[in-house]
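Here's the structure, in structure tokens; my notes come after.
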Amino acid sequence: MPPSTPPPLPSPTPEPPLVYLMAHGNPNLPEIALTFDDGPSPDYTKSVLDVLRHYHVLATFFMIGSWVERYPDLARAVVADGHAIGDHTWNHADLTQLSADQMMKQLSDTRDTIQRVTGYTTHLFRPPYMAYNRQVLDIAHSLKLSTILWSIDPHDYTLPGKGPIISTVLTNAQNGSVVLMHDGGGDRSQTVAALSTIIEQLQGRGFTFVTIPQMLQHLPPSSDASLAERIAPAARDAPGEAPWELDQELAGSDDLAEQKN
Ligand SMILES: [Zn+2]
């Protein structure tokens, strides 16, 4: 931790356990995490917050550091509503194309800016483009950031229409799902339009919505350990080696939890 980091204000939730990689929550709990990437954005973040507030739902926002710097009031509004924030790099970089020093700077500058601007201490990281290798995961882990992927991607950034966004989420939702959506980086009007129906339908099925820190706290005891064990020991043995692609099944996301059963 850099010595210049100011003292943190209390985070909305207790510090979650540090995991190496997570794409799915506890498969035995009827809880779902909504996540919003690429903000904060002056066009859509407030609209997303309005919908979440209306339904008393908490979510997680993976923010871009340069946008936090540019729109500090929006970042503070997210924290003020009780949502969690994650680190999504400084400028949406493909980290696998960068040097270790550059990777470290992308993550630590963003983490520190979130802290300075909002008072919120983030423990989460999500790699843009889902582009990561062992070195990226190691660096995130060294910064005490858990790397968080997702298990449902309705491809809202391709503007498929409100209907397909809703149906992809509803069709695939299950215990522990992590849903990837976007509140920044382009036209997110379809995402905003889809959100109410997604929340109402999933609540109607008995799901509750949790933040990613809450989901991490609710992981079964063996889950984070077994995940970390799968990829961390070799990573510890070979720091700084050339970028390394994870197994397809690990990169693939939503069967992570099932594999433990
Ligand atoms: Zn992104």
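Chain labels run A, B, ... following the order of the structure tokens; each chain numbers its residues from 1, and ligands are numbered from 1 in the order shown.
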
Just want the 8 Å neighbourhood of A:Glu31, counted on only C-alpha atoms, with same-chain residues fewer than 6 positions away dropped. Output as a PyMOL selection string.
chain A and resi 25+175-177+207-210+215

Could you list, with a cut-off of 12 Å and counting only C-alpha atoms and all ligand atoms, the residues of chain A near ligand 1, each shown with its nearest atom pair and the distance in Å rounded to one decimal, rows sorted by chain and ascending number, as JSON lines?
{"residue": "A:Thr35", "atom": "CA", "partner": "ligand 1", "partner_atom_place_in_ligand_line": "1 (Zn)", "distance": 10.9}
{"residue": "A:Phe36", "atom": "CA", "partner": "ligand 1", "partner_atom_place_in_ligand_line": "1 (Zn)", "distance": 8.8}
{"residue": "A:Asp37", "atom": "CA", "partner": "ligand 1", "partner_atom_place_in_ligand_line": "1 (Zn)", "distance": 5.2}
{"residue": "A:Asp38", "atom": "CA", "partner": "ligand 1", "partner_atom_place_in_ligand_line": "1 (Zn)", "distance": 4.8}
{"residue": "A:Gly39", "atom": "CA", "partner": "ligand 1", "partner_atom_place_in_ligand_line": "1 (Zn)", "distance": 8.6}
{"residue": "A:Pro40", "atom": "CA", "partner": "ligand 1", "partner_atom_place_in_ligand_line": "1 (Zn)", "distance": 11.4}
{"residue": "A:Phe61", "atom": "CA", "partner": "ligand 1", "partner_atom_place_in_ligand_line": "1 (Zn)", "distance": 10.5}
{"residue": "A:Phe62", "atom": "CA", "partner": "ligand 1", "partner_atom_place_in_ligand_line": "1 (Zn)", "distance": 7.8}
{"residue": "A:Met63", "atom": "CA", "partner": "ligand 1", "partner_atom_place_in_ligand_line": "1 (Zn)", "distance": 8.3}
{"residue": "A:Ile64", "atom": "CA", "partner": "ligand 1", "partner_atom_place_in_ligand_line": "1 (Zn)", "distance": 8.0}
{"residue": "A:Gly65", "atom": "CA", "partner": "ligand 1", "partner_atom_place_in_ligand_line": "1 (Zn)", "distance": 11.6}
{"residue": "A:Gly86", "atom": "CA", "partner": "ligand 1", "partner_atom_place_in_ligand_line": "1 (Zn)", "distance": 11.3}
{"residue": "A:Asp87", "atom": "CA", "partner": "ligand 1", "partner_atom_place_in_ligand_line": "1 (Zn)", "distance": 10.2}
{"residue": "A:His88", "atom": "CA", "partner": "ligand 1", "partner_atom_place_in_ligand_line": "1 (Zn)", "distance": 6.7}
{"residue": "A:Thr89", "atom": "CA", "partner": "ligand 1", "partner_atom_place_in_ligand_line": "1 (Zn)", "distance": 8.8}
{"residue": "A:Trp90", "atom": "CA", "partner": "ligand 1", "partner_atom_place_in_ligand_line": "1 (Zn)", "distance": 10.8}
{"residue": "A:Asn91", "atom": "CA", "partner": "ligand 1", "partner_atom_place_in_ligand_line": "1 (Zn)", "distance": 9.4}
{"residue": "A:His92", "atom": "CA", "partner": "ligand 1", "partner_atom_place_in_ligand_line": "1 (Zn)", "distance": 6.1}
{"residue": "A:Ala93", "atom": "CA", "partner": "ligand 1", "partner_atom_place_in_ligand_line": "1 (Zn)", "distance": 8.9}
{"residue": "A:Asp94", "atom": "CA", "partner": "ligand 1", "partner_atom_place_in_ligand_line": "1 (Zn)", "distance": 9.8}
{"residue": "A:Leu95", "atom": "CA", "partner": "ligand 1", "partner_atom_place_in_ligand_line": "1 (Zn)", "distance": 11.9}
{"residue": "A:Phe125", "atom": "CA", "partner": "ligand 1", "partner_atom_place_in_ligand_line": "1 (Zn)", "distance": 11.0}
{"residue": "A:Arg126", "atom": "CA", "partner": "ligand 1", "partner_atom_place_in_ligand_line": "1 (Zn)", "distance": 8.0}
{"residue": "A:Pro127", "atom": "CA", "partner": "ligand 1", "partner_atom_place_in_ligand_line": "1 (Zn)", "distance": 7.4}
{"residue": "A:Pro128", "atom": "CA", "partner": "ligand 1", "partner_atom_place_in_ligand_line": "1 (Zn)", "distance": 4.5}
{"residue": "A:Tyr129", "atom": "CA", "partner": "ligand 1", "partner_atom_place_in_ligand_line": "1 (Zn)", "distance": 6.3}
{"residue": "A:Met130", "atom": "CA", "partner": "ligand 1", "partner_atom_place_in_ligand_line": "1 (Zn)", "distance": 8.4}
{"residue": "A:Ala131", "atom": "CA", "partner": "ligand 1", "partner_atom_place_in_ligand_line": "1 (Zn)", "distance": 10.3}
{"residue": "A:Leu149", "atom": "CA", "partner": "ligand 1", "partner_atom_place_in_ligand_line": "1 (Zn)", "distance": 11.0}
{"residue": "A:His155", "atom": "CA", "partner": "ligand 1", "partner_atom_place_in_ligand_line": "1 (Zn)", "distance": 11.6}
{"residue": "A:Asp156", "atom": "CA", "partner": "ligand 1", "partner_atom_place_in_ligand_line": "1 (Zn)", "distance": 11.6}
{"residue": "A:Tyr157", "atom": "CA", "partner": "ligand 1", "partner_atom_place_in_ligand_line": "1 (Zn)", "distance": 9.6}
{"residue": "A:Leu180", "atom": "CA", "partner": "ligand 1", "partner_atom_place_in_ligand_line": "1 (Zn)", "distance": 9.5}
{"residue": "A:Met181", "atom": "CA", "partner": "ligand 1", "partner_atom_place_in_ligand_line": "1 (Zn)", "distance": 9.2}
{"residue": "A:His182", "atom": "CA", "partner": "ligand 1", "partner_atom_place_in_ligand_line": "1 (Zn)", "distance": 7.6}
{"residue": "A:Asp183", "atom": "CA", "partner": "ligand 1", "partner_atom_place_in_ligand_line": "1 (Zn)", "distance": 9.7}
{"residue": "A:Gly184", "atom": "CA", "partner": "ligand 1", "partner_atom_place_in_ligand_line": "1 (Zn)", "distance": 8.4}
{"residue": "A:Gly185", "atom": "CA", "partner": "ligand 1", "partner_atom_place_in_ligand_line": "1 (Zn)", "distance": 7.7}
{"residue": "A:Gly186", "atom": "CA", "partner": "ligand 1", "partner_atom_place_in_ligand_line": "1 (Zn)", "distance": 10.7}

Residue list (strand (DSSP E or B), DSSP) for stretch 17-250 of chain A, as a ChimeraX atom specification:
/A:21-22,31-39,60-63,84-87,124-125,146-148,152,178-182,208-209

Distance query A:Glu69 at most 10 Å, only C-alpha atoms, self and fewer than 6 positions along chain excluded, as a PyMOL selection string:
chain A and resi 40+75+90+110+113-114+116-117

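For the pair atom CA of A:Leu98 and atom CA of A:Leu145, the interatomic distance is 18.4 Å.
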
May I have the residues within 9 Å of A:Arg76 as a ChimeraX atom specification, using only C-alpha atoms and disregarding those fewer than 5 positions away in the same chain?
/A:68,71,81,117-120

Export, as a PDB file, in the first residue's frame, the selected residues with N, CA and C atoms.
ATOM      1  N   VAL A  68     -13.593   8.582 -12.698  1.00  0.00           N
ATOM      2  CA  VAL A  68     -13.797   8.960 -11.290  1.00  0.00           C
ATOM      3  C   VAL A  68     -13.192  10.340 -11.043  1.00  0.00           C
ATOM      4  N   TYR A  71     -15.528  12.830 -12.911  1.00  0.00           N
ATOM      5  CA  TYR A  71     -16.897  12.960 -12.391  1.00  0.00           C
ATOM      6  C   TYR A  71     -16.957  12.520 -10.932  1.00  0.00           C
ATOM      7  N   ASP A  81     -25.172   5.969  -1.892  1.00  0.00           N
ATOM      8  CA  ASP A  81     -26.334   5.078  -1.929  1.00  0.00           C
ATOM      9  C   ASP A  81     -26.018   3.695  -1.366  1.00  0.00           C
ATOM     10  N   VAL A 117     -11.257  10.235  -3.738  1.00  0.00           N
ATOM     11  CA  VAL A 117     -12.439  10.974  -4.169  1.00  0.00           C
ATOM     12  C   VAL A 117     -13.671  10.609  -3.345  1.00  0.00           C
ATOM     13  N   THR A 118     -13.813   9.326  -3.036  1.00  0.00           N
ATOM     14  CA  THR A 118     -15.057   8.877  -2.391  1.00  0.00           C
ATOM     15  C   THR A 118     -14.874   8.456  -0.943  1.00  0.00           C
ATOM     16  N   GLY A 119     -13.640   8.220  -0.524  1.00  0.00           N
ATOM     17  CA  GLY A 119     -13.406   7.675   0.807  1.00  0.00           C
ATOM     18  C   GLY A 119     -13.635   6.186   0.892  1.00  0.00           C
ATOM     19  N   TYR A 120     -13.997   5.579  -0.227  1.00  0.00           N
ATOM     20  CA  TYR A 120     -14.317   4.147  -0.254  1.00  0.00           C
ATOM     21  C   TYR A 120     -13.057   3.342  -0.580  1.00  0.00           C
TER      22      TYR A 120
END

Within 6 Å of A:Ala23 using only C-alpha atoms, minus same-chain residues under 4 positions, as an MDAnalysis selection string
chainID A and resid 148:151 253

Report as a PDB file with C-alpha atoms, in the first residue's frame all protein, DNA and RNA residues lying within 10 Å of A:Ala84, evaluated on only C-alpha atoms, omitting residues in the same chain fewer than 5 positions from it.
ATOM      1  CA  SER A  11     -16.822   1.287   3.933  1.00  0.00           C
ATOM      2  CA  PRO A  12     -20.502   0.365   3.681  1.00  0.00           C
ATOM      3  CA  THR A  13     -19.708  -3.291   4.269  1.00  0.00           C
ATOM      4  CA  THR A  35     -22.563  -5.152 -11.701  1.00  0.00           C
ATOM      5  CA  LEU A  58     -27.529  -2.633  -3.895  1.00  0.00           C
ATOM      6  CA  ALA A  59     -25.097  -3.289  -6.744  1.00  0.00           C
ATOM      7  CA  THR A  60     -21.418  -3.014  -7.623  1.00  0.00           C
ATOM      8  CA  PHE A  61     -19.874  -0.449  -9.978  1.00  0.00           C
ATOM      9  CA  PHE A  62     -16.522  -1.222 -11.622  1.00  0.00           C
ATOM     10  CA  VAL A  78     -22.736   5.734  -5.936  1.00  0.00           C
ATOM     11  CA  VAL A  79     -21.028   5.349  -2.569  1.00  0.00           C
ATOM     12  CA  TYR A 120     -14.317   4.147  -0.254  1.00  0.00           C
ATOM     13  CA  THR A 121     -11.646   1.467  -0.023  1.00  0.00           C
ATOM     14  CA  THR A 122     -12.095  -0.913  -2.916  1.00  0.00           C
ATOM     15  CA  HIS A 123     -11.153  -4.574  -2.663  1.00  0.00           C
ATOM     16  CA  LEU A 124     -12.322  -5.529  -6.157  1.00  0.00           C
ATOM     17  CA  VAL A 210     -26.154  -8.365  -3.015  1.00  0.00           C
ATOM     18  CA  THR A 211     -22.983  -6.438  -3.653  1.00  0.00           C
ATOM     19  CA  ILE A 212     -19.856  -8.318  -4.690  1.00  0.00           C
ATOM     20  CA  PRO A 213     -18.276  -7.792  -1.235  1.00  0.00           C
ATOM     21  CA  GLN A 214     -21.393  -9.339   0.313  1.00  0.00           C
TER      22      GLN A 214
END

Pull the alpha helix (DSSP H) assignments for stretch 18-108 of chain A out of DSSP run on the backbone, and list those residues as an MDAnalysis selection string.
chainID A and resid 45:54 65:70 72:80 100:108
